Amino acid sequence: VFLGNGPSGICLSYLLSGYVPYFKRDSLHPHPILQRKLEEAKDVSILDQDLEYLSEGLEGRSHSPVALLFDTLQRPDADFGGTAESVLTWWYETDRAIPHLVLGRNSPGGAWHSIEGSMVTLSRGEWMGLPDLPFKDWLKQKRRGLRNNRATAEDIAQYYQHYVMKKGLQKNFRCGTVVTSVRKVSAESISNHMEKDLEENSDPLWNLNEESMEVFQVDGFFKNMKGDKEPFSIYAENVVLATGTYDSPTWLGVKGENLSYVHHQLSALEEAVKNNSIGIMSDPVLIVGAGLTAADAILLAHHCNIPVIHVFRRRVSDPGLIFNQLPKMMYPEYHKVHQMMKEQSAACAGPYECYISLPEHHVLSFGKDKKCIFQDKNGYQKVYKISMALVLTGSNPNLSFLPNNGVDLAMDSDQPVNPKRNPIDVDPFTYECTQEKGLYALGPLAGDNFVRFVQGGALAVASSLLKK
């Protein structure tokens, strides 16, 4: 059973549905050592090879060796701007399929359905594609091209739905499901009448292995067409966590943050613009944060001539700031925001009207009168009257369905799971949780934050499950 039907879950479903990757004969990979290793076992599928051996020595933009391996097999010279074809060929081998269910709240595509449709992706469009169906080819069928090599969130969401249909995976997907609990139970504790039901049910998903004395019980509910909740319980030998991190926005934890004018999602600004409840003459909108969602909010406000006060903790020149890691040519709009952050501080007026940057500041409190108090690094305080506040400082996964919110599975088991600072501790070549056998974690939960790299985790899980 997989929890989450975003790109990680879709890719894993493809790999467990009998689609098996092999090295394409006569292909030439630009990495000579990898080419030699691939030629050593031409007739053995990648899933059956030693992933640690194949990925040894690979370097790139991910810390996961298997993510780098699968990425370079699909996009051999992507980091150098090349468009070399994949060195993989896919064979459909029905006897290799493993029965599975993919549970998700939304349609296939996960959080991509919750993102404003016109938003442009950070990654190049072709990096958003899944195995054996290039995103570019799909876009061409729609007679559309990529803007600046990038795609909109709406395109991505539609592509993922199309992928599931095109590859015949829909029978494995159950949308509109909410999981409330995942826990280990002994096979014996499943009552006799339940076992009787299992015996009568011919679905191989229900065949409990006699030897594995413990299984996972997955409880939750399914929302039917009328909106009623129908409860379910599923028993599985293996569970894959692929729920992403879009669930709960991070709060600052300051006084007044629960007031009605303080929001934690970009959609609140979009809504206010649509309703004309804010405009050129409004008090400024406060935007807190220095990531890409904050930048998207600034761009939207700037486009609508809405005044902005922008507060963030880091220095503008901090190398950890995402803007300092993006190529200017490919991301002109984010470069513009970075320029505004540099040139338009409260201390000195710059060329941009309707925008004030307050680097190395943090919010102390929000008042009922919509006055907000900030403090700088030297302890000096400023007060501004604002119309609304957007706290856009990231989000955290919701793992409330796991014992102790999944904290025991994290790298640091004293802290909550966080995709950047404290991911779930997994074996790098199987993605199985080190603290709980049979439980796997994929995507941001395991520290892989780009669609391009979550697919390697799916390869690792599929390889591990097929060897069990």
# chains A, B, ... in the order shown; residues from 1 in each chain; ligands from 1
>>> residues_around(residues="Leu269 in chain A", least_positions_apart="3", cutoff="12 Å", atoms="only C-alpha atoms", output="number ranges by chain")
A: 116, 261-266, 272-279, 285-287, 293-294, 296-302, 304, 306, 308, 387-392
>>> residues_around(residues="range 48-62 of chain A", least_positions_apart="5", cutoff="7 Å", atoms="only C-alpha atoms", output="PyMOL selection string")
chain A and resi 34+37+67-69+429+463
>>> closest_residue(among="A:Val311, A:Leu103, A:Val218, A:Leu12", to="Gln375 in chain A", atoms="only C-alpha atoms")
A:Val311
>>> residues_around(residues="Ser181 in chain A", least_positions_apart="2", cutoff="9 Å", atoms="only C-alpha atoms", output="list in words")
Val179, Arg183, Gln217, Val218, Asp219, Gly220, Ser400, Phe401, Leu402 and Pro403 of chain A
>>> closest_residue(among="A:Pro419, A:Pro21, A:Pro249, A:Gly289", to="His361 in chain A", atoms="only C-alpha atoms")
A:Gly289
>>> residues_around(residues="Lys336 in chain A", least_positions_apart="5", cutoff="10 Å", atoms="only C-alpha atoms", output="PyMOL selection string")
chain A and resi 295+299+323+328+331+341-342
>>> closest_residue(among="A:Val426, A:Val185, A:Val417, A:Ala242", to="Gly4 in chain A", atoms="only C-alpha atoms")
A:Ala242
>>> closest_residue(among="A:Asp318, A:Glu353, A:Glu237, A:Asp155", to="Phe216 in chain A", atoms="only C-alpha atoms")
A:Glu237
>>> closest_residue(among="A:Trp90, A:Tyr440, A:Phe312, A:Tyr334", to="Asp132 in chain A", atoms="only C-alpha atoms")
A:Trp90
>>> atom_distance(atom1="CA of Leu88 in chain A", atom2="CA of Glu154 in chain A")
28.2 Å
>>> residues_around(residues="Asp448 in chain A", least_positions_apart="4", cutoff="12 Å", atoms="only C-alpha atoms", output="PyMOL selection string")
chain A and resi 7-8+61-68+242+244-245+418-424+426+428+431+441-444+452-458
>>> closest_residue(among="A:Tyr355, A:Ser248, A:Met340, A:Gln74", to="Ile280 in chain A", atoms="only C-alpha atoms")
A:Tyr355
>>> residues_around(residues="Thr89 in chain A", least_positions_apart="2", cutoff="8 Å", atoms="only C-alpha atoms", output="list in words")
Pro21, Tyr22, Phe23, Lys24, Ser86, Val87 and Trp91 of chain A
>>> residues_around(residues="Ile386 in chain A", least_positions_apart="3", cutoff="6 Å", atoms="only C-alpha atoms", output="ChimeraX atom specification")
/A:283-285,370
>>> write_last_selection(atoms="N, CA and C atoms", output="compact mmCIF listing (two decimals), in the first residue's frame")
# COMPACT_ATOMS: atom_id res chain seq x y z
N ASP A 283 -3.35 49.54 2.49
CA ASP A 283 -2.12 49.46 3.29
C ASP A 283 -1.30 48.30 2.73
N PRO A 284 0.01 48.29 2.98
CA PRO A 284 0.85 47.23 2.38
C PRO A 284 0.45 45.82 2.82
N VAL A 285 0.74 44.87 1.96
CA VAL A 285 0.64 43.46 2.30
C VAL A 285 1.99 43.06 2.89
N LYS A 370 -4.21 45.60 13.14
CA LYS A 370 -3.43 45.34 11.91
C LYS A 370 -2.07 46.05 11.93
>>> atom_distance(atom1="CA of Asp376 in chain A", atom2="CA of Gln344 in chain A")
16.1 Å
